[in-house]
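> Structure file target33.cif (mmCIF, C-alpha atoms) right here:
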data_run
loop_
_atom_site.label_atom_id
_atom_site.label_comp_id
_atom_site.auth_asym_id
_atom_site.auth_seq_id
_atom_site.Cartn_x
_atom_site.Cartn_y
_atom_site.Cartn_z
CA MET D 22 39.73 27.05 7.85
CA THR D 23 37.29 28.07 10.56
CA GLU D 24 36.98 26.30 13.89
CA LYS D 25 34.70 26.52 16.87
CA GLN D 26 34.33 24.59 20.10
CA VAL D 27 30.87 23.50 21.22
CA THR D 28 29.47 21.51 24.12
CA ILE D 29 26.55 19.10 23.91
CA ARG D 30 23.80 20.63 26.01
CA ASN D 31 20.88 18.32 25.39
CA ARG D 32 20.43 15.44 27.84
CA ALA D 33 20.22 12.63 25.31
CA GLY D 34 23.40 13.56 23.45
CA ILE D 35 23.74 13.20 19.71
CA HIS D 36 21.34 10.42 18.77
CA ALA D 37 19.69 9.87 15.43
CA ARG D 38 17.49 12.94 15.28
CA PRO D 39 20.18 15.51 16.12
CA ALA D 40 22.57 13.66 13.82
CA ALA D 41 20.10 13.91 10.95
CA LEU D 42 19.70 17.61 11.74
CA ILE D 43 23.47 18.18 11.69
CA VAL D 44 23.85 16.31 8.39
CA GLN D 45 20.98 18.22 6.84
CA THR D 46 22.46 21.54 7.92
CA ALA D 47 26.04 20.66 6.97
CA SER D 48 24.94 19.40 3.55
CA SER D 49 23.42 22.77 2.74
CA PHE D 50 26.93 24.28 2.60
CA SER D 51 29.44 23.59 -0.10
CA SER D 52 32.37 23.68 2.34
CA LYS D 53 33.82 20.50 3.78
CA VAL D 54 32.59 20.25 7.36
CA PHE D 55 34.12 18.09 10.07
CA LEU D 56 33.35 17.30 13.68
CA LYS D 57 36.17 16.47 16.08
CA LYS D 58 35.80 14.76 19.42
CA ASP D 59 38.88 13.79 21.40
CA HIS D 60 41.12 12.52 18.63
CA GLU D 61 38.45 11.40 16.22
CA THR D 62 37.52 13.51 13.23
CA ILE D 63 34.54 12.67 11.07
CA ASN D 64 32.73 14.17 8.11
CA ALA D 65 29.71 16.13 9.33
CA LYS D 66 27.80 15.13 6.21
CA SER D 67 27.78 11.45 7.22
CA ILE D 68 24.97 10.45 9.55
CA MET D 69 26.53 7.18 10.70
CA GLY D 70 29.86 8.91 11.35
CA ILE D 71 28.26 11.46 13.64
CA ILE D 72 26.31 8.88 15.61
CA THR D 73 29.35 6.66 16.10
CA LEU D 74 31.24 9.58 17.68
CA GLY D 75 29.18 8.75 20.74
CA ALA D 76 28.82 12.39 21.76
CA GLY D 77 26.91 12.28 25.04
CA TYR D 78 25.73 15.02 27.39
CA ASN D 79 28.42 17.60 28.18
CA SER D 80 30.99 16.24 25.78
CA GLU D 81 33.00 18.77 23.84
CA LEU D 82 33.26 18.90 20.07
CA THR D 83 35.13 21.01 17.59
CA ILE D 84 33.43 22.06 14.39
CA THR D 85 35.80 22.65 11.49
CA ALA D 86 34.92 23.85 8.03
CA GLU D 87 36.95 24.50 4.96
CA GLY D 88 35.63 26.08 1.80
CA PRO D 89 33.99 29.17 0.37
CA ASP D 90 31.23 29.39 3.01
CA GLU D 91 33.16 27.98 5.98
CA GLU D 92 32.33 30.78 8.37
CA SER D 93 28.60 30.65 8.01
CA ALA D 94 28.72 26.83 8.07
CA VAL D 95 30.46 26.82 11.45
CA GLU D 96 28.20 29.56 12.77
CA THR D 97 24.98 27.81 11.71
CA LEU D 98 26.09 24.46 13.11
CA ALA D 99 27.24 25.99 16.38
CA ARG D 100 23.82 27.59 16.74
CA LEU D 101 22.24 24.12 16.44
CA PHE D 102 24.34 22.92 19.35
CA GLU D 103 23.52 26.00 21.42
CA ASN D 104 19.81 25.50 20.79
CA ARG D 105 20.15 21.91 22.02
CA PHE D 106 18.85 20.70 18.65
CA GLU D 107 15.45 22.04 19.69
CA GLU D 108 15.33 19.39 22.41
CA GLU D 109 15.00 19.63 26.19
CA MET J 8 -15.95 -1.77 -16.19
CA SER J 9 -18.36 0.18 -18.33
CA ALA J 10 -20.52 2.66 -16.50
CA ARG J 11 -23.45 0.22 -16.65
CA PHE J 12 -23.05 -3.25 -15.19
CA THR J 13 -25.68 -5.46 -16.81
CA VAL J 14 -26.88 -9.01 -16.22
CA LEU J 15 -24.95 -10.00 -19.33
CA ASP J 16 -21.77 -8.58 -17.75
CA LEU J 17 -22.49 -10.71 -14.69
CA LEU J 18 -22.68 -13.82 -16.89
CA ASN J 19 -19.48 -12.80 -18.64
CA LEU J 20 -17.43 -12.20 -15.49
CA ASP J 21 -14.21 -14.11 -15.78
CA LEU J 22 -14.14 -15.83 -12.39
CA ARG J 23 -12.43 -19.12 -11.72
CA GLU J 24 -12.26 -21.93 -9.17
CA HIS J 25 -13.53 -20.79 -5.77
CA ASN J 26 -14.86 -17.59 -7.30
CA ALA J 27 -16.83 -19.10 -10.19
CA LEU J 28 -20.54 -18.34 -10.16
CA GLU J 29 -21.39 -21.18 -12.59
CA LEU J 30 -24.31 -19.30 -14.06
CA VAL J 31 -26.38 -20.30 -17.10
CA CYS J 32 -29.27 -18.44 -18.62
CA LEU J 33 -32.57 -20.34 -18.77
CA GLY J 34 -34.77 -17.67 -20.26
CA GLY J 35 -35.77 -14.03 -20.45
CA ARG J 36 -32.84 -13.24 -22.74
CA PRO J 37 -34.10 -9.84 -23.93
CA GLY J 38 -33.68 -8.69 -20.32
CA LEU J 39 -29.97 -9.49 -20.22
CA GLU J 40 -29.19 -5.86 -20.81
CA ARG J 41 -30.89 -4.89 -17.57
CA GLU J 42 -28.62 -3.05 -15.19
CA ILE J 43 -27.51 -4.39 -11.82
CA ALA J 44 -27.14 -1.15 -9.90
CA VAL J 45 -26.45 -2.32 -6.34
CA PRO J 46 -23.93 -4.89 -5.11
CA ASP J 47 -26.49 -6.75 -3.06
CA LEU J 48 -28.94 -9.62 -3.31
CA ASN J 49 -32.40 -10.40 -1.99
CA ARG J 50 -34.24 -13.61 -0.98
CA PRO J 51 -37.80 -12.93 -2.15
CA GLY J 52 -39.54 -15.20 0.39
CA LEU J 53 -41.64 -12.41 1.91
CA ALA J 54 -42.56 -11.03 -1.49
CA LEU J 55 -43.75 -14.45 -2.64
CA SER J 56 -46.03 -14.66 0.36
CA GLY J 57 -47.50 -11.28 -0.54
CA PHE J 58 -45.59 -8.83 1.62
CA PHE J 59 -44.05 -6.14 -0.60
CA GLU J 60 -43.12 -3.44 1.87
CA ASN J 61 -39.38 -2.62 1.54
CA PHE J 62 -39.09 -5.21 -1.21
CA GLY J 63 -35.50 -5.02 -2.48
CA SER J 64 -36.61 -4.95 -6.07
CA ASP J 65 -33.43 -3.37 -7.48
CA ARG J 66 -31.38 -6.34 -6.28
CA VAL J 67 -30.62 -9.68 -7.80
CA GLN J 68 -33.29 -12.13 -6.54
CA ILE J 69 -32.05 -15.48 -5.26
CA PHE J 70 -34.41 -18.46 -5.28
CA GLY J 71 -33.07 -21.16 -2.98
CA ARG J 72 -34.67 -24.46 -2.06
CA GLY J 73 -37.26 -22.84 0.19
CA GLU J 74 -38.40 -20.28 -2.35
CA THR J 75 -38.58 -22.87 -5.12
CA ALA J 76 -40.57 -25.25 -2.95
CA TYR J 77 -42.95 -22.37 -2.24
CA LEU J 78 -43.27 -21.72 -5.98
CA HIS J 79 -44.40 -25.34 -6.43
CA GLN J 80 -46.88 -24.88 -3.62
CA LEU J 81 -48.24 -21.73 -5.30
CA ASP J 82 -48.40 -23.61 -8.59
CA LYS J 83 -50.46 -26.36 -7.00
CA GLU J 84 -52.85 -23.78 -5.58
CA ARG J 85 -52.95 -22.06 -9.01
CA ARG J 86 -51.96 -18.76 -7.43
CA THR J 87 -49.72 -16.46 -9.44
CA ASP J 88 -50.68 -13.01 -8.14
CA THR J 89 -47.56 -12.51 -6.00
CA ILE J 90 -45.29 -13.73 -8.79
CA GLU J 91 -46.87 -11.29 -11.17
CA GLU J 92 -46.47 -8.57 -8.56
CA ILE J 93 -42.73 -9.35 -8.28
CA PHE J 94 -42.24 -8.86 -12.01
CA ARG J 95 -44.13 -5.61 -11.96
CA HIS J 96 -41.06 -4.37 -10.05
CA PRO J 97 -37.83 -3.60 -11.97
CA VAL J 98 -36.10 -6.80 -10.84
CA PRO J 99 -32.68 -7.06 -12.59
CA CYS J 100 -32.75 -10.87 -12.72
CA VAL J 101 -33.76 -13.99 -10.81
CA ILE J 102 -31.28 -16.76 -10.01
CA PHE J 103 -32.17 -20.33 -9.05
CA THR J 104 -29.55 -22.12 -6.96
CA HIS J 105 -28.97 -25.88 -6.53
CA GLN J 106 -29.56 -26.26 -10.28
CA GLN J 107 -33.30 -25.98 -9.69
CA ARG J 108 -35.77 -24.97 -12.38
CA PRO J 109 -38.63 -22.58 -11.81
CA THR J 110 -42.21 -23.80 -12.26
CA ASP J 111 -43.70 -23.38 -15.72
CA SER J 112 -46.06 -20.66 -14.57
CA PHE J 113 -43.18 -18.69 -13.03
CA PHE J 114 -41.09 -19.15 -16.16
CA GLU J 115 -43.88 -17.85 -18.34
CA ILE J 116 -44.52 -14.77 -16.20
CA ALA J 117 -40.81 -13.94 -16.02
CA GLU J 118 -40.39 -14.30 -19.78
CA ARG J 119 -43.40 -12.12 -20.35
CA GLY J 120 -41.81 -9.49 -18.09
CA ASN J 121 -38.51 -9.81 -20.01
CA CYS J 122 -36.69 -10.69 -16.80
CA PRO J 123 -33.63 -12.95 -17.20
CA ILE J 124 -33.90 -16.32 -15.44
CA LEU J 125 -30.50 -17.65 -14.43
CA GLN J 126 -29.49 -20.89 -12.80
CA THR J 127 -26.45 -21.98 -10.86
CA SER J 128 -25.35 -25.40 -9.65
CA LEU J 129 -24.05 -23.95 -6.40
CA PRO J 130 -25.94 -24.12 -3.09
CA SER J 131 -27.57 -20.83 -2.01
CA SER J 132 -25.24 -19.86 0.82
CA GLU J 133 -22.09 -20.49 -1.20
CA PHE J 134 -23.54 -18.74 -4.22
CA SER J 135 -24.60 -15.74 -2.14
CA SER J 136 -21.15 -15.22 -0.71
CA ARG J 137 -19.52 -15.58 -4.13
CA LEU J 138 -21.99 -13.20 -5.71
CA ILE J 139 -21.50 -10.58 -3.01
CA ARG J 140 -17.74 -10.92 -3.42
CA ALA J 141 -17.94 -10.62 -7.19
CA LEU J 142 -20.34 -7.67 -7.10
CA SER J 143 -18.38 -5.77 -4.46
CA ASN J 144 -15.32 -6.16 -6.68
CA VAL J 145 -17.27 -4.81 -9.61
CA PHE J 146 -18.62 -1.90 -7.60
CA ALA J 147 -15.36 -1.16 -5.75
CA ALA J 148 -13.97 2.36 -5.96
CA ARG J 149 -11.31 2.45 -8.62
CA GLU J 150 -8.86 4.68 -10.32
CA VAL J 151 -6.20 4.31 -12.99
CA VAL J 152 -2.76 5.72 -12.20
CA HIS J 153 0.27 6.26 -14.38
CA GLY J 154 2.90 4.00 -12.87
CA THR J 155 4.34 0.51 -12.75
CA LEU J 156 3.32 -2.22 -10.35
CA VAL J 157 5.83 -4.93 -9.48
CA GLU J 158 5.92 -7.63 -6.87
CA VAL J 159 9.23 -7.51 -5.01
CA PHE J 160 9.92 -10.26 -2.47
CA GLY J 161 6.19 -10.83 -2.24
CA LEU J 162 5.41 -7.17 -1.60
CA GLY J 163 3.37 -5.13 -4.07
CA VAL J 164 5.42 -2.05 -4.97
CA LEU J 165 3.87 0.74 -7.01
CA LEU J 166 6.47 2.82 -8.84
CA LEU J 167 5.36 6.37 -9.53
CA GLY J 168 7.14 9.28 -11.13
CA ASP J 169 7.21 11.50 -14.16
CA SER J 170 7.52 10.09 -17.65
CA GLY J 171 11.09 9.26 -18.51
CA VAL J 172 12.34 9.01 -14.92
CA GLY J 173 12.93 5.30 -15.46
CA LYS J 174 9.97 3.41 -14.01
CA SER J 175 9.85 0.82 -16.78
CA GLU J 176 13.63 0.39 -16.86
CA THR J 177 13.67 -0.08 -13.08
CA ALA J 178 10.88 -2.64 -13.36
CA LEU J 179 12.75 -4.41 -16.13
CA GLU J 180 15.80 -4.85 -13.97
CA LEU J 181 13.65 -6.02 -11.06
CA ILE J 182 12.08 -8.65 -13.36
CA GLU J 183 15.55 -9.65 -14.50
CA ARG J 184 16.44 -10.11 -10.84
CA GLY J 185 13.58 -12.54 -10.35
CA HIS J 186 10.71 -10.30 -9.31
CA ARG J 187 7.37 -10.03 -11.07
CA LEU J 188 5.61 -7.52 -13.22
CA VAL J 189 1.94 -6.87 -12.53
CA ALA J 190 1.30 -3.90 -14.79
CA ASP J 191 3.27 -1.27 -16.62
CA ASP J 192 2.35 2.27 -17.55
CA SER J 193 -1.25 2.28 -16.41
CA VAL J 194 -2.28 0.49 -13.27
CA GLN J 195 -5.91 0.05 -12.36
CA ILE J 196 -6.37 0.24 -8.61
CA ARG J 197 -9.47 -1.03 -6.82
CA CYS J 198 -10.26 -0.58 -3.17
CA VAL J 199 -11.70 -3.82 -1.82
CA ALA J 200 -12.86 -4.75 1.68
CA GLY J 201 -12.44 -1.13 2.78
CA ASN J 202 -8.68 -0.98 3.11
CA ILE J 203 -7.05 -3.23 0.54
CA LEU J 204 -5.76 -1.71 -2.69
CA LEU J 205 -5.62 -4.21 -5.50
CA GLY J 206 -3.69 -3.26 -8.59
CA GLN J 207 -3.80 -4.83 -12.01
CA GLY J 208 -3.26 -3.93 -15.62
CA ALA J 209 -5.86 -1.47 -16.88
CA HIS J 210 -6.62 -3.70 -19.84
CA ARG J 211 -6.37 -7.36 -19.06
CA SER J 212 -6.54 -8.50 -22.65
CA LEU J 213 -3.40 -6.54 -23.50
CA GLY J 214 -1.30 -8.82 -21.31
CA HIS J 215 2.07 -7.98 -19.82
CA HIS J 216 3.82 -5.64 -22.19
CA MET J 217 6.25 -2.85 -21.53
CA GLU J 218 7.54 0.05 -23.49
CA ILE J 219 11.29 0.50 -23.22
CA ARG J 220 12.78 3.61 -24.79
CA GLY J 221 14.94 2.54 -27.67
CA LEU J 222 13.45 -0.95 -27.92
CA GLY J 223 9.76 -0.28 -28.25
CA ILE J 224 7.12 -2.70 -27.01
CA ILE J 225 8.36 -5.93 -25.48
CA ASN J 226 6.35 -8.92 -24.31
CA VAL J 227 7.46 -9.70 -20.78
CA THR J 228 5.70 -13.08 -20.58
CA HIS J 229 7.47 -14.36 -23.68
CA LEU J 230 10.85 -12.86 -22.86
CA PHE J 231 11.10 -13.73 -19.17
CA GLY J 232 8.58 -16.55 -18.77
CA VAL J 233 5.31 -16.90 -16.90
CA GLY J 234 7.20 -16.90 -13.62
CA SER J 235 7.92 -13.23 -14.11
CA ILE J 236 4.36 -11.98 -14.25
CA ARG J 237 1.35 -11.71 -12.02
CA ASP J 238 -2.24 -10.70 -12.76
CA SER J 239 -3.04 -8.65 -9.70
CA LYS J 240 -1.37 -7.72 -6.47
CA GLN J 241 -2.12 -5.72 -3.36
CA ILE J 242 -0.27 -2.40 -3.25
CA GLN J 243 1.76 -2.36 -0.06
CA LEU J 244 4.44 0.21 -0.80
CA VAL J 245 4.55 3.27 -3.02
CA VAL J 246 7.93 4.33 -4.38
CA GLU J 247 8.11 7.77 -5.91
CA LEU J 248 11.05 8.11 -8.29
CA GLU J 249 12.22 11.63 -8.97
CA GLU J 250 15.15 13.42 -10.51
CA TRP J 251 17.83 14.17 -7.93
CA ASP J 252 17.47 17.75 -6.75
CA ASN J 253 20.31 19.16 -4.65
CA GLY J 254 17.94 21.59 -3.02
CA VAL J 255 15.70 18.88 -1.56
CA ASP J 256 16.41 17.16 1.75
CA TYR J 257 15.82 13.47 1.27
CA ASP J 258 15.04 11.24 4.21
CA ARG J 259 18.38 10.34 5.73
CA PHE J 260 17.27 8.48 8.80
CA GLY J 261 13.93 6.90 8.04
CA GLU J 262 12.30 7.13 11.43
CA GLU J 263 9.31 9.09 10.27
CA GLU J 264 6.58 7.10 8.57
CA SER J 265 5.15 8.82 5.56
CA THR J 266 2.22 7.54 3.56
CA THR J 267 0.50 8.19 0.28
CA GLU J 268 -3.25 8.21 0.03
CA ILE J 269 -4.90 6.27 -2.76
CA LEU J 270 -8.69 5.90 -2.80
CA GLY J 271 -8.77 6.82 0.88
CA VAL J 272 -6.28 4.12 1.90
CA HIS J 273 -2.90 5.11 3.34
CA VAL J 274 0.05 3.19 1.94
CA PRO J 275 3.65 3.54 3.22
CA ASP J 276 5.77 5.43 0.73
CA ALA J 277 9.37 6.29 -0.07
CA ARG J 278 10.77 9.08 -2.21
CA ILE J 279 13.80 7.89 -4.04
CA PRO J 280 15.95 10.36 -5.96
CA VAL J 281 17.37 9.06 -9.21
CA LYS J 282 20.83 9.98 -10.43
CA PRO J 283 23.45 8.19 -12.49
CA GLY J 284 25.32 5.69 -10.39
CA ARG J 285 22.45 4.99 -8.03
CA ASN J 286 21.21 1.47 -8.49
CA ILE J 287 17.49 2.01 -8.08
CA PRO J 288 16.36 -1.65 -8.34
CA ILE J 289 18.57 -2.64 -5.42
CA ILE J 290 17.31 0.31 -3.39
CA ILE J 291 13.73 -0.78 -4.12
CA GLU J 292 14.51 -4.37 -3.14
CA THR J 293 15.92 -3.09 0.14
CA ALA J 294 12.93 -0.83 0.70
CA ALA J 295 10.61 -3.81 0.15
CA MET J 296 12.51 -6.00 2.59
CA ASN J 297 12.65 -3.18 5.15
CA GLU J 298 8.89 -2.76 4.76
CA ARG J 299 8.41 -6.47 5.43
CA LEU J 300 10.57 -6.19 8.53
CA LYS J 301 8.37 -3.31 9.69
CA SER J 302 5.26 -5.39 9.18
CA MET J 303 6.89 -7.95 11.49
CA GLY J 304 7.33 -5.18 14.07
CA TYR J 305 11.03 -4.45 13.53
CA TYR J 306 11.82 -0.86 12.67
CA SER J 307 15.51 -0.65 11.73
CA ALA J 308 15.79 3.09 12.26
CA LYS J 309 13.94 3.08 15.59
CA GLU J 310 15.81 0.09 16.99
CA PHE J 311 19.08 1.65 15.93
CA ASN J 312 18.24 4.89 17.69
CA GLN J 313 17.24 2.98 20.83
CA SER J 314 20.64 1.36 21.00
CA VAL J 315 22.41 4.66 20.30
CA LEU J 316 20.49 6.29 23.16
CA LYS J 317 21.29 3.40 25.47
CA TRP J 318 24.93 3.58 24.52
CA LEU J 319 25.17 7.35 25.08
CA GLU J 320 23.40 6.88 28.41
CA SER J 321 25.85 4.25 29.58
CA GLU J 322 28.81 6.35 28.42
CA ASN J 323 27.47 9.22 30.52
CA ALA J 324 26.99 6.99 33.53
CA ARG J 325 30.51 5.66 33.13
CA LYS J 326 31.89 9.19 33.02
CA LEU J 327 30.05 10.09 36.23
CA TYR J 328 31.36 6.95 37.87
CA LEU J 329 34.92 7.71 36.84
CA ARG J 330 34.61 11.25 38.12
CA GLY J 331 32.98 10.30 41.40
CA TYR J 332 35.20 7.46 42.49
CA ARG J 333 38.59 8.15 40.96
CA PRO J 334 39.10 11.88 41.47
CA PHE J 335 42.84 11.66 40.91
CA ASP J 336 42.58 9.84 37.61
CA GLU J 337 43.80 12.22 34.96
CA SER J 338 41.62 10.75 32.24
CA ALA J 339 38.55 12.06 34.03
CA GLU J 340 38.62 15.75 33.26
CA PRO J 341 36.88 17.97 35.77
CA GLU J 342 33.71 19.49 34.42
CA GLU J 343 31.85 22.48 35.65
CA GLU J 344 28.14 21.91 36.23
#
Kindly present the structure from the file in structure tokens form.

Amino acid sequence: MTEKQVTIRNRAGIHARPAALIVQTASSFSSKVFLKKDHETINAKSIMGIITLGAGYNSELTITAEGPDEESAVETLARLFENRFEEE
Amino acid sequence: MSARFTVLDLLNLDLREHNALELVCLGGRPGLEREIAVPDLNRPGLALSGFFENFGSDRVQIFGRGETAYLHQLDKERRTDTIEEIFRHPVPCVIFTHQQRPTDSFFEIAERGNCPILQTSLPSSEFSSRLIRALSNVFAAREVVHGTLVEVFGLGVLLLGDSGVGKSETALELIERGHRLVADDSVQIRCVAGNILLGQGAHRSLGHHMEIRGLGIINVTHLFGVGSIRDSKQIQLVVELEEWDNGVDYDRFGEEESTTEILGVHVPDARIPVKPGRNIPIIIETAAMNERLKSMGYYSAKEFNQSVLKWLESENARKLYLRGYRPFDESAEPEEE
């Protein structure tokens, strides 16, 4: 299992567009990918789950992945967060 | 439509009620195979009075009350030169409205020129608008596509996709669920009034039949009743069915509007992947209803995102408030800027 902590850096937080981007990216890996915020853990391949996390600006999330390509899954997703989902 | 639209085709047009042209042929029958090449008509008043510049001779000539009265006047004066001049032009046909008859001299000249003389019981203005409507339908841009057209909740849905992907089977289940079949397998699409796509079966006389693998040809009208069919319907949504491909990213959120272009008209579309266990007819029903909501100005995906943004915003504001006014509260974790 690979884990990594990330912080939401885009002003709007995780709304629909970033959520769709996360799902799209997560779905391209065969590993199981999860996002954890506070005590909630959701499947990163579910768009509604991600949105209902309510991850606003500056909130902290943990990306977890388990499977054959877990490391690259976590890396690729973390890069999305760092790039602010190509938003402002 | 054959490549040539003749006067005989005009007489044979199957138009009913408020579209009927109510035409009969009075004479000049050999000319019935003359071609009507432009979807327009002409009132030959100026030509009758001897002015032939820009005479719209390739159009259908309409003789209303005024023109006919003038013909009688010419008859009284024993003048036929302008009439003869008219028929020296390649006039496709002449039509008398108000159930009027031409004068004998006119009739004779037209017959001699092999020009069909038609008559309608309708008044000129009404007939003109019906004729223009009928002709613009005949001359509308058209194309035949391989697909199935169904009416779902009042919305015309064109199902496209490769052979064997399940278009007919999907349509069959939609019919079973109370929707209507317009055409299966080949759909003839016409572009009318500039931006309306009308679809109907490519061959009207063949009726509403479908080919279902394993069953063969079935007659939908007989099996499901007349309530389950429709002759023509505007295409308002295009659904592209395709085999599920794990490598393709399907639309997960639905905020972006994509369209398909048919005959220069853009129609909203949806790509729906097919795989066992996915109930395609229900997905299409939902797509149709969602499209209707959009036409009422409600975009599910956009509205949803608006409320998510508002919610995230208020959460943020609440966090700031908690941090600013209750610094000793342990639930508000300090954050570096």
> Could you state which residues are captured by the PyMOL selection byres ((chain D) within 12 of (chain J)) in this file, as a PyMOL selection string?
chain D and resi 28-51+59+66-69+71-81
> Hey, can you check how far CA of Leu129 in chain J sits from CA of Asp47 in chain J?
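Those two atoms sit 17.7 Å apart.
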> Quick one: residues within 8 Å of range 89-102 of chain J, only C-alpha atoms, excluding same-chain residues fewer than 6 positions away - as number ranges by chain?
J: 14, 38, 41-43, 54-57, 64-70, 113, 116-117, 120, 122-127
> To verify the selection step, state as a PyMOL selection string which residues the PyMOL selection byres ((chain J and resi 247) around 8) yields on this input.
chain J and resi 166-168+245-246+248-249+276-279
> Limited to C-alpha atoms, could you put the picked residues into a file as a PDB file, keeping the file's coordinate frame?

ATOM      1  CA  LEU J 166       6.470   2.820  -8.840  1.00  0.00           C
ATOM      2  CA  LEU J 167       5.360   6.370  -9.530  1.00  0.00           C
ATOM      3  CA  GLY J 168       7.140   9.280 -11.130  1.00  0.00           C
ATOM      4  CA  VAL J 245       4.550   3.270  -3.020  1.00  0.00           C
ATOM      5  CA  VAL J 246       7.930   4.330  -4.380  1.00  0.00           C
ATOM      6  CA  LEU J 248      11.050   8.110  -8.290  1.00  0.00           C
ATOM      7  CA  GLU J 249      12.220  11.630  -8.970  1.00  0.00           C
ATOM      8  CA  ASP J 276       5.770   5.430   0.730  1.00  0.00           C
ATOM      9  CA  ALA J 277       9.370   6.290  -0.070  1.00  0.00           C
ATOM     10  CA  ARG J 278      10.770   9.080  -2.210  1.00  0.00           C
ATOM     11  CA  ILE J 279      13.800   7.890  -4.040  1.00  0.00           C
TER      12      ILE J 279
END
> Just so the selection is clear, what residues does the PyMOL selection byres ((chain J and resi 290) around 12) cover here, as a list in words?
Val159, Thr177, Glu180, Leu181, Val246, Leu248, Ala277, Arg278, Ile279, Pro280, Val281, Gly284, Arg285, Asn286, Ile287, Pro288, Ile289, Ile291, Glu292, Thr293, Ala294, Ala295, Met296 and Asn297 of chain J
> May I have the residues within 10 Å of Ile236 in chain J as a PyMOL selection string, using only C-alpha atoms and disregarding those fewer than 3 positions away in the same chain?
chain J and resi 157-158+182+186-190+214-215+227-228+231-233+239
> May I have the protein, DNA and RNA residues with an atom at most 10 Å from (-20.2, -19.6, -8.9), counting all atoms listed in the file in the file's coordinates, returned as a list in words?
Leu22, Arg23, Glu24, His25, Asn26, Ala27, Leu28, Glu29, Leu30, Thr104, Thr127, Ser128, Leu129, Pro130, Glu133, Phe134, Ser135, Ser136, Arg137, Leu138 and Ala141 of chain J
> Can you spit out the residues from that selection as a PDB file, keeping the file's coordinate frame, using C-alpha atoms?

ATOM      1  CA  LEU J  22     -14.140 -15.830 -12.390  1.00  0.00           C
ATOM      2  CA  ARG J  23     -12.430 -19.120 -11.720  1.00  0.00           C
ATOM      3  CA  GLU J  24     -12.260 -21.930  -9.170  1.00  0.00           C
ATOM      4  CA  HIS J  25     -13.530 -20.790  -5.770  1.00  0.00           C
ATOM      5  CA  ASN J  26     -14.860 -17.590  -7.300  1.00  0.00           C
ATOM      6  CA  ALA J  27     -16.830 -19.100 -10.190  1.00  0.00           C
ATOM      7  CA  LEU J  28     -20.540 -18.340 -10.160  1.00  0.00           C
ATOM      8  CA  GLU J  29     -21.390 -21.180 -12.590  1.00  0.00           C
ATOM      9  CA  LEU J  30     -24.310 -19.300 -14.060  1.00  0.00           C
ATOM     10  CA  THR J 104     -29.550 -22.120  -6.960  1.00  0.00           C
ATOM     11  CA  THR J 127     -26.450 -21.980 -10.860  1.00  0.00           C
ATOM     12  CA  SER J 128     -25.350 -25.400  -9.650  1.00  0.00           C
ATOM     13  CA  LEU J 129     -24.050 -23.950  -6.400  1.00  0.00           C
ATOM     14  CA  PRO J 130     -25.940 -24.120  -3.090  1.00  0.00           C
ATOM     15  CA  GLU J 133     -22.090 -20.490  -1.200  1.00  0.00           C
ATOM     16  CA  PHE J 134     -23.540 -18.740  -4.220  1.00  0.00           C
ATOM     17  CA  SER J 135     -24.600 -15.740  -2.140  1.00  0.00           C
ATOM     18  CA  SER J 136     -21.150 -15.220  -0.710  1.00  0.00           C
ATOM     19  CA  ARG J 137     -19.520 -15.580  -4.130  1.00  0.00           C
ATOM     20  CA  LEU J 138     -21.990 -13.200  -5.710  1.00  0.00           C
ATOM     21  CA  ALA J 141     -17.940 -10.620  -7.190  1.00  0.00           C
TER      22      ALA J 141
END
> For CA of Gly154 in chain J and CA of Val194 in chain J, determine how far apart the two atoms are, in Å to one decimal place.
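Interatomic distance, CA of Gly154 in chain J to CA of Val194 in chain J: 6.3 Å.
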> Would you mind reading off the distance between CA of Glu96 in chain D and CA of Leu82 in chain D, one decimal, in Å?
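Answer for the CA of Glu96 in chain D to CA of Leu82 in chain D separation: 13.9 Å.
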> Compute the distance from (31.1, 26.1, 7.8) to each atom, counting all atoms listed in the file, keep the residues with any atom at most 7 Å away, and return them as a PyMOL selection string; use the coordinates of the file.
chain D and resi 50+52+54+85-87+90-96
> Write a file of the just-selected residues containing C-alpha atoms, as a PDB file, in the frame of the given file.

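File written: part.pdb
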ATOM      1  CA  PHE D  50      26.930  24.280   2.600  1.00  0.00           C
ATOM      2  CA  SER D  52      32.370  23.680   2.340  1.00  0.00           C
ATOM      3  CA  VAL D  54      32.590  20.250   7.360  1.00  0.00           C
ATOM      4  CA  THR D  85      35.800  22.650  11.490  1.00  0.00           C
ATOM      5  CA  ALA D  86      34.920  23.850   8.030  1.00  0.00           C
ATOM      6  CA  GLU D  87      36.950  24.500   4.960  1.00  0.00           C
ATOM      7  CA  ASP D  90      31.230  29.390   3.010  1.00  0.00           C
ATOM      8  CA  GLU D  91      33.160  27.980   5.980  1.00  0.00           C
ATOM      9  CA  GLU D  92      32.330  30.780   8.370  1.00  0.00           C
ATOM     10  CA  SER D  93      28.600  30.650   8.010  1.00  0.00           C
ATOM     11  CA  ALA D  94      28.720  26.830   8.070  1.00  0.00           C
ATOM     12  CA  VAL D  95      30.460  26.820  11.450  1.00  0.00           C
ATOM     13  CA  GLU D  96      28.200  29.560  12.770  1.00  0.00           C
TER      14      GLU D  96
END
> Using only C-alpha atoms for the distances, tell me which of D:Glu103, D:Glu108, D:Glu24, D:Glu61 is nearest to Ile84 in chain D.
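When distances to Ile84 in chain D are compared using only C-alpha atoms, the smallest one comes from D:Glu24.
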> Set the distance at 8 Å and use only C-alpha atoms: which residues neighbour Thr266 in chain J once local chain neighbours fewer than 3 positions away are removed? I'd like the list as a PDB file with C-alpha atoms, in the frame of the given file.

ATOM      1  CA  HIS J 273      -2.900   5.110   3.340  1.00  0.00           C
ATOM      2  CA  VAL J 274       0.050   3.190   1.940  1.00  0.00           C
ATOM      3  CA  PRO J 275       3.650   3.540   3.220  1.00  0.00           C
ATOM      4  CA  ASP J 276       5.770   5.430   0.730  1.00  0.00           C
TER       5      ASP J 276
END
